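Data from target_31.cif: mmCIF, C-alpha atoms
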data_target
#
loop_
_atom_site.group_PDB
_atom_site.id
_atom_site.type_symbol
_atom_site.label_atom_id
_atom_site.label_comp_id
_atom_site.auth_asym_id
_atom_site.auth_seq_id
_atom_site.Cartn_x
_atom_site.Cartn_y
_atom_site.Cartn_z
ATOM 1 C CA MET M 1 83.126 83.665 105.491
ATOM 2 C CA THR M 2 84.226 85.823 108.432
ATOM 3 C CA PHE M 3 86.265 88.241 106.344
ATOM 4 C CA PRO M 4 87.324 91.652 107.720
ATOM 5 C CA GLY M 5 86.330 93.729 104.725
ATOM 6 C CA GLN M 6 83.657 94.865 102.300
ATOM 7 C CA HIS M 7 81.488 92.423 100.349
ATOM 8 C CA LEU M 8 81.117 93.640 96.737
ATOM 9 C CA CYS M 9 78.565 91.861 94.555
ATOM 10 C CA ASP M 10 77.242 92.242 91.035
ATOM 11 C CA GLU M 11 75.696 89.818 88.550
ATOM 12 C CA GLN M 12 77.642 86.539 88.982
ATOM 13 C CA LEU M 13 80.442 88.505 90.652
ATOM 14 C CA GLU M 14 81.500 88.091 94.278
ATOM 15 C CA LEU M 15 84.396 90.054 95.763
ATOM 16 C CA TRP M 16 85.634 90.636 99.298
ATOM 17 C CA TRP M 17 87.805 93.726 99.681
ATOM 18 C CA ALA M 18 90.004 94.715 102.648
ATOM 19 C CA PRO M 19 92.141 97.789 101.768
ATOM 20 C CA ASP M 20 93.945 97.696 105.138
ATOM 21 C CA PHE M 21 94.424 93.954 105.563
ATOM 22 C CA LEU M 22 98.065 94.511 106.583
ATOM 23 C CA SER M 23 99.381 97.384 108.637
ATOM 24 C CA ALA M 24 101.782 99.783 106.924
ATOM 25 C CA PHE M 25 104.619 98.317 109.011
ATOM 26 C CA GLU M 26 103.774 94.719 108.008
ATOM 27 C CA ALA M 27 103.348 95.641 104.347
ATOM 28 C CA ASP M 28 106.626 97.601 104.217
ATOM 29 C CA ALA M 29 108.564 94.743 105.813
ATOM 30 C CA LEU M 30 107.045 92.116 103.520
ATOM 31 C CA PHE M 31 107.657 94.155 100.382
ATOM 32 C CA SER M 32 111.316 94.657 101.286
ATOM 33 C CA HIS M 33 111.835 90.991 102.141
ATOM 34 C CA LEU M 34 109.818 89.310 99.369
ATOM 35 C CA SER M 35 111.035 91.539 96.539
ATOM 36 C CA GLN M 36 114.611 90.519 97.318
ATOM 37 C CA SER M 37 114.379 86.959 98.646
ATOM 38 C CA LEU M 38 112.111 85.101 96.211
ATOM 39 C CA ALA M 39 113.265 83.372 93.012
ATOM 40 C CA TRP M 40 111.722 85.865 90.579
ATOM 41 C CA GLN M 41 112.136 84.992 86.914
ATOM 42 C CA GLN M 42 111.219 86.255 83.467
ATOM 43 C CA GLY M 43 108.652 83.744 82.275
ATOM 44 C CA GLN M 44 107.307 83.078 78.801
ATOM 45 C CA VAL M 45 103.799 82.288 77.610
ATOM 46 C CA ARG M 46 102.525 80.914 74.317
ATOM 47 C CA MET M 47 100.408 83.348 72.300
ATOM 48 C CA PHE M 48 99.313 82.914 68.683
ATOM 49 C CA GLY M 49 101.751 80.025 68.297
ATOM 50 C CA LYS M 50 104.785 81.941 69.573
ATOM 51 C CA TRP M 51 106.569 82.123 72.912
ATOM 52 C CA ILE M 52 106.825 85.665 74.244
ATOM 53 C CA ASP M 53 108.187 87.184 77.448
ATOM 54 C CA GLU M 54 105.601 87.937 80.110
ATOM 55 C CA PRO M 55 105.434 91.682 80.877
ATOM 56 C CA ARG M 56 106.357 91.116 84.538
ATOM 57 C CA LEU M 57 108.394 88.719 86.673
ATOM 58 C CA THR M 58 106.732 85.672 88.218
ATOM 59 C CA VAL M 59 107.312 82.898 90.725
ATOM 60 C CA TRP M 60 105.273 79.876 91.907
ATOM 61 C CA TYR M 61 105.436 78.409 95.422
ATOM 62 C CA GLY M 62 103.341 75.698 97.030
ATOM 63 C CA ASP M 63 102.875 72.213 98.348
ATOM 64 C CA PRO M 64 104.505 69.296 96.483
ATOM 65 C CA GLY M 65 102.339 68.332 93.511
ATOM 66 C CA ALA M 66 100.502 71.664 93.303
ATOM 67 C CA SER M 67 101.467 72.262 89.674
ATOM 68 C CA TYR M 68 99.584 74.793 87.573
ATOM 69 C CA THR M 69 99.252 75.186 83.802
ATOM 70 C CA TYR M 70 98.316 78.435 82.062
ATOM 71 C CA SER M 71 99.057 79.996 78.658
ATOM 72 C CA GLY M 72 100.826 76.859 77.499
ATOM 73 C CA LYS M 73 103.298 76.508 80.355
ATOM 74 C CA GLN M 74 103.313 74.356 83.449
ATOM 75 C CA GLN M 75 104.484 75.739 86.784
ATOM 76 C CA GLN M 76 106.085 73.398 89.300
ATOM 77 C CA PRO M 77 106.015 74.844 92.820
ATOM 78 C CA LEU M 78 109.062 75.824 94.787
ATOM 79 C CA PRO M 79 108.893 74.931 98.514
ATOM 80 C CA TRP M 80 107.191 77.483 100.753
ATOM 81 C CA THR M 81 109.416 80.089 102.359
ATOM 82 C CA PRO M 82 108.722 80.951 106.027
ATOM 83 C CA ALA M 83 107.430 84.419 105.093
ATOM 84 C CA LEU M 84 105.035 83.121 102.412
ATOM 85 C CA LEU M 85 103.822 80.347 104.699
ATOM 86 C CA ALA M 86 103.066 82.828 107.478
ATOM 87 C CA LEU M 87 101.229 85.065 105.018
ATOM 88 C CA LYS M 88 99.233 82.105 103.695
ATOM 89 C CA GLU M 89 98.182 81.133 107.229
ATOM 90 C CA LYS M 90 97.099 84.704 108.015
ATOM 91 C CA ILE M 91 94.909 84.849 104.894
ATOM 92 C CA GLU M 92 93.517 81.364 105.556
ATOM 93 C CA THR M 93 92.436 82.436 109.042
ATOM 94 C CA SER M 94 90.657 85.521 107.692
ATOM 95 C CA SER M 95 88.998 83.767 104.757
ATOM 96 C CA SER M 96 88.208 80.394 106.391
ATOM 97 C CA THR M 97 89.783 78.788 103.315
ATOM 98 C CA SER M 98 92.811 76.564 102.742
ATOM 99 C CA PHE M 99 95.400 77.251 100.042
ATOM 100 C CA ASN M 100 98.218 75.055 98.749
ATOM 101 C CA SER M 101 99.973 77.415 96.320
ATOM 102 C CA VAL M 102 100.669 81.016 95.426
ATOM 103 C CA LEU M 103 101.525 82.792 92.181
ATOM 104 C CA GLY M 104 103.721 85.843 92.662
ATOM 105 C CA ASN M 105 103.836 88.696 90.140
ATOM 106 C CA TYR M 106 106.455 91.445 90.228
ATOM 107 C CA TYR M 107 105.443 94.600 88.334
ATOM 108 C CA ARG M 108 108.638 96.591 87.906
ATOM 109 C CA SER M 109 107.024 99.718 86.421
ATOM 110 C CA GLY M 110 103.822 100.951 84.827
ATOM 111 C CA GLN M 111 104.824 99.148 81.627
ATOM 112 C CA ASP M 112 104.517 95.766 83.338
ATOM 113 C CA SER M 113 100.989 94.420 83.117
ATOM 114 C CA MET M 114 98.564 91.482 83.089
ATOM 115 C CA GLY M 115 96.122 91.135 80.197
ATOM 116 C CA TRP M 116 92.449 90.184 80.297
ATOM 117 C CA HIS M 117 91.915 86.648 81.585
ATOM 118 C CA SER M 118 89.939 84.471 83.978
ATOM 119 C CA ASP M 119 91.447 82.072 86.493
ATOM 120 C CA ASN M 120 89.306 79.173 85.303
ATOM 121 C CA GLU M 121 91.867 76.434 84.668
ATOM 122 C CA LYS M 122 90.699 72.912 85.479
ATOM 123 C CA GLU M 123 93.208 72.610 88.346
ATOM 124 C CA LEU M 124 91.251 75.281 90.236
ATOM 125 C CA GLY M 125 87.973 73.380 90.146
ATOM 126 C CA ILE M 126 84.466 74.828 90.134
ATOM 127 C CA ARG M 127 83.821 78.180 91.877
ATOM 128 C CA PRO M 128 87.449 78.733 92.943
ATOM 129 C CA LEU M 129 88.286 81.178 95.724
ATOM 130 C CA ILE M 130 91.413 83.230 94.984
ATOM 131 C CA ALA M 131 92.978 85.631 97.462
ATOM 132 C CA SER M 132 95.071 88.450 95.981
ATOM 133 C CA LEU M 133 97.466 90.307 98.301
ATOM 134 C CA ASN M 134 99.075 93.540 97.089
ATOM 135 C CA LEU M 135 102.325 95.188 98.170
ATOM 136 C CA GLY M 136 104.024 98.315 96.881
ATOM 137 C CA ALA M 137 102.667 100.764 94.323
ATOM 138 C CA THR M 138 98.911 101.092 93.838
ATOM 139 C CA ARG M 139 97.698 99.716 90.503
ATOM 140 C CA THR M 140 94.239 99.691 88.935
ATOM 141 C CA PHE M 141 92.524 96.291 88.846
ATOM 142 C CA GLN M 142 89.817 96.075 86.186
ATOM 143 C CA LEU M 143 87.019 93.546 85.769
ATOM 144 C CA ARG M 144 84.626 93.071 82.870
ATOM 145 C CA MET M 145 81.756 90.685 82.301
ATOM 146 C CA ILE M 146 82.465 88.102 79.598
ATOM 147 C CA LYS M 147 78.998 88.135 78.004
ATOM 148 C CA ASP M 148 78.692 91.938 78.177
ATOM 149 C CA LYS M 149 82.092 93.616 78.048
ATOM 150 C CA SER M 150 80.508 97.022 78.662
ATOM 151 C CA ARG M 151 79.872 95.884 82.265
ATOM 152 C CA LYS M 152 83.059 96.913 84.071
ATOM 153 C CA LEU M 153 84.372 97.535 87.562
ATOM 154 C CA SER M 154 87.677 99.030 88.732
ATOM 155 C CA LEU M 155 89.466 98.895 92.083
ATOM 156 C CA ASP M 156 92.718 100.557 93.109
ATOM 157 C CA LEU M 157 94.757 97.800 94.748
ATOM 158 C CA SER M 158 96.863 99.522 97.381
ATOM 159 C CA HIS M 159 99.802 98.604 99.609
ATOM 160 C CA GLY M 160 98.760 95.947 102.137
ATOM 161 C CA SER M 161 95.310 95.336 100.633
ATOM 162 C CA LEU M 162 93.622 91.977 100.087
ATOM 163 C CA LEU M 163 91.028 91.162 97.420
ATOM 164 C CA ILE M 164 89.213 87.830 97.386
ATOM 165 C CA MET M 165 87.381 86.597 94.289
ATOM 166 C CA SER M 166 84.900 83.786 94.868
ATOM 167 C CA GLY M 167 81.623 82.223 93.718
ATOM 168 C CA GLU M 168 80.945 82.329 89.970
ATOM 169 C CA THR M 169 83.364 85.215 89.368
ATOM 170 C CA GLN M 170 85.970 83.309 87.310
ATOM 171 C CA HIS M 171 83.360 81.760 85.021
ATOM 172 C CA HIS M 172 81.583 84.998 84.109
ATOM 173 C CA TRP M 173 84.148 87.787 84.542
ATOM 174 C CA GLN M 174 87.671 88.584 83.350
ATOM 175 C CA HIS M 175 90.228 90.783 85.080
ATOM 176 C CA GLN M 176 93.449 92.590 84.214
ATOM 177 C CA ILE M 177 96.161 94.990 85.415
ATOM 178 C CA PRO M 178 96.606 97.390 82.454
ATOM 179 C CA LYS M 179 99.743 99.276 81.558
ATOM 180 C CA THR M 180 99.914 102.889 82.681
ATOM 181 C CA LYS M 181 101.954 105.863 81.497
ATOM 182 C CA LYS M 182 101.902 107.287 85.001
ATOM 183 C CA ALA M 183 105.134 107.129 86.984
ATOM 184 C CA VAL M 184 104.466 104.266 89.404
ATOM 185 C CA GLY M 185 106.817 102.300 91.595
ATOM 186 C CA GLU M 186 107.334 98.570 91.931
ATOM 187 C CA ARG M 187 104.426 96.344 92.950
ATOM 188 C CA LEU M 188 104.197 92.768 94.198
ATOM 189 C CA ASN M 189 101.020 90.729 93.937
ATOM 190 C CA PHE M 190 100.467 87.280 95.439
ATOM 191 C CA THR M 191 97.420 85.224 94.426
ATOM 192 C CA PHE M 192 96.825 82.329 96.805
ATOM 193 C CA ARG M 193 94.984 79.357 95.315
ATOM 194 C CA LEU M 194 93.874 75.818 96.047
ATOM 195 C CA ILE M 195 95.123 73.540 93.265
ATOM 196 C CA LEU M 196 93.214 70.276 92.992
ATOM 197 C CA THR M 197 95.689 67.396 92.986
ATOM 198 C CA ASP M 198 95.142 63.664 92.456
#

Structure rendered as structure tokens:
Amino acid sequence: MTFPGQHLCDEQLELWWAPDFLSAFEADALFSHLSQSLAWQQGQVRMFGKWIDEPRLTVWYGDPGASYTYSGKQQQPLPWTPALLALKEKIETSSSTSFNSVLGNYYRSGQDSMGWHSDNEKELGIRPLIASLNLGATRTFQLRMIKDKSRKLSLDLSHGSLLIMSGETQHHWQHQIPKTKKAVGERLNFTFRLILTD
């Protein structure tokens, strides 16, 4: 991979980290456009037999047929917008990887969050590569090893940064965006993926 960033490795963990993947001008323009133009919605997930609201807004875009199932719900992709398609192509060039879908998350405040999980659904295949682009407020991204939860790593995901998770990461590590009581602004996160289709 010819990726313009740092290569961070630990036991069965492989990350590529570019804190300045986008210029401040590019990141500002994308945040303004994508926060207002995409079809953000309040989703629900199934937990302990009940449907509950996700603590953030989400949206799913991609190629036809690139559906994705997690937490008991299936996402059918909306057609790519020009801005998302251009962003996808930029990340593909840097990562030498192809993507056919993106999950968008809109964190409206520090009370919006993402709990511990791994992106290990069958649609992602073995050793998936996931590229996570961040816009807006900086939030702490935490990782922990599944077999030894005392093994942890934290990164501050800043405006215009790109984090790529690859190798065995999803099979041996979990990640989350925890709530924070600090006064933080709005944040957008876009995780580009390759969904395996028939």

Please write as a PyMOL selection string the full residue list that the PyMOL selection byres ((chain M and resi 58-62) around 7) yields on this file.
-> chain M and resi 39-43+56-57+63-64+66+75+77-80+100-106

Can you list, as a PyMOL selection string, every protein, DNA or RNA residue that comes within 6 Å of stretch 21-30 of chain M when you count only C-alpha atoms, leaving out same-chain residues fewer than 6 positions away?
-> chain M and resi 160-162

Step by step: start from the point (103.6, 92.6, 88.1) in the file's coordinates, keep every protein, DNA or RNA residue that has an atom no farther than 10 Å from it, count all atoms listed in the file, and write the set as number ranges by chain.
-> M: 54-58, 104-114, 139, 177, 186-190

Please define a box with edges along x, y and z of the file around all atoms of stretch 133-152 of chain M given in the file, extend it by 8 Å on each side, and return its centre and edge lengths in Å to one decimal, as lines of an AutoDock Vina configuration file.
center_x = 91.4
center_y = 94.6
center_z = 88.2
size_x = 41.3
size_y = 29.0
size_z = 36.3

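Residue nearest M:Leu153 within the list M:Ser118, M:Lys88, M:Gly5, M:Leu15: M:Leu15 [criterion: smallest interatomic distance, only C-alpha atoms].
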
Excluding M:Gln170 and any residue of its chain fewer than 6 positions from it, enumerate the residues within 10 Å of it, using all atoms listed in the file, and give them as a PyMOL selection string.
-> chain M and resi 12-14+117-121+126-130+145-146

Show which residues sit within 10 Å of M:Lys149, as a PyMOL selection string. Count only C-alpha atoms, and ignore same-chain residues fewer than 5 positions away.
-> chain M and resi 143-144+173-174

What is the atom CA of M:Leu85 to atom CA of M:Gln36 distance in Å?
->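 Between atom CA of M:Leu85 and atom CA of M:Gln36 the gap works out to 16.6 Å.
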
Nearest to M:Glu92, restricted to all atoms listed in the file and choosing among M:Ser37, M:Ile164, M:Leu196, M:Pro19, comes out as M:Ile164

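Take the candidates M:Leu135, M:Met165, M:Leu8, M:Ala18 and check each one against M:His33 using only C-alpha atoms; the shortest distance goes to M:Leu135.
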
Identify which of the residues M:Thr97, M:Gln176, M:Thr197, M:Thr81 lies closest to M:Leu34, counting only C-alpha atoms when measuring atom-to-atom distances.
->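 Distance minimum relative to M:Leu34 lands on M:Thr81.
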
Separation of atom CA of M:Trp17 from atom CA of M:Leu163, in Å and rounded to one decimal =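 Atom CA of M:Leu163 lies 4.7 Å from atom CA of M:Trp17.
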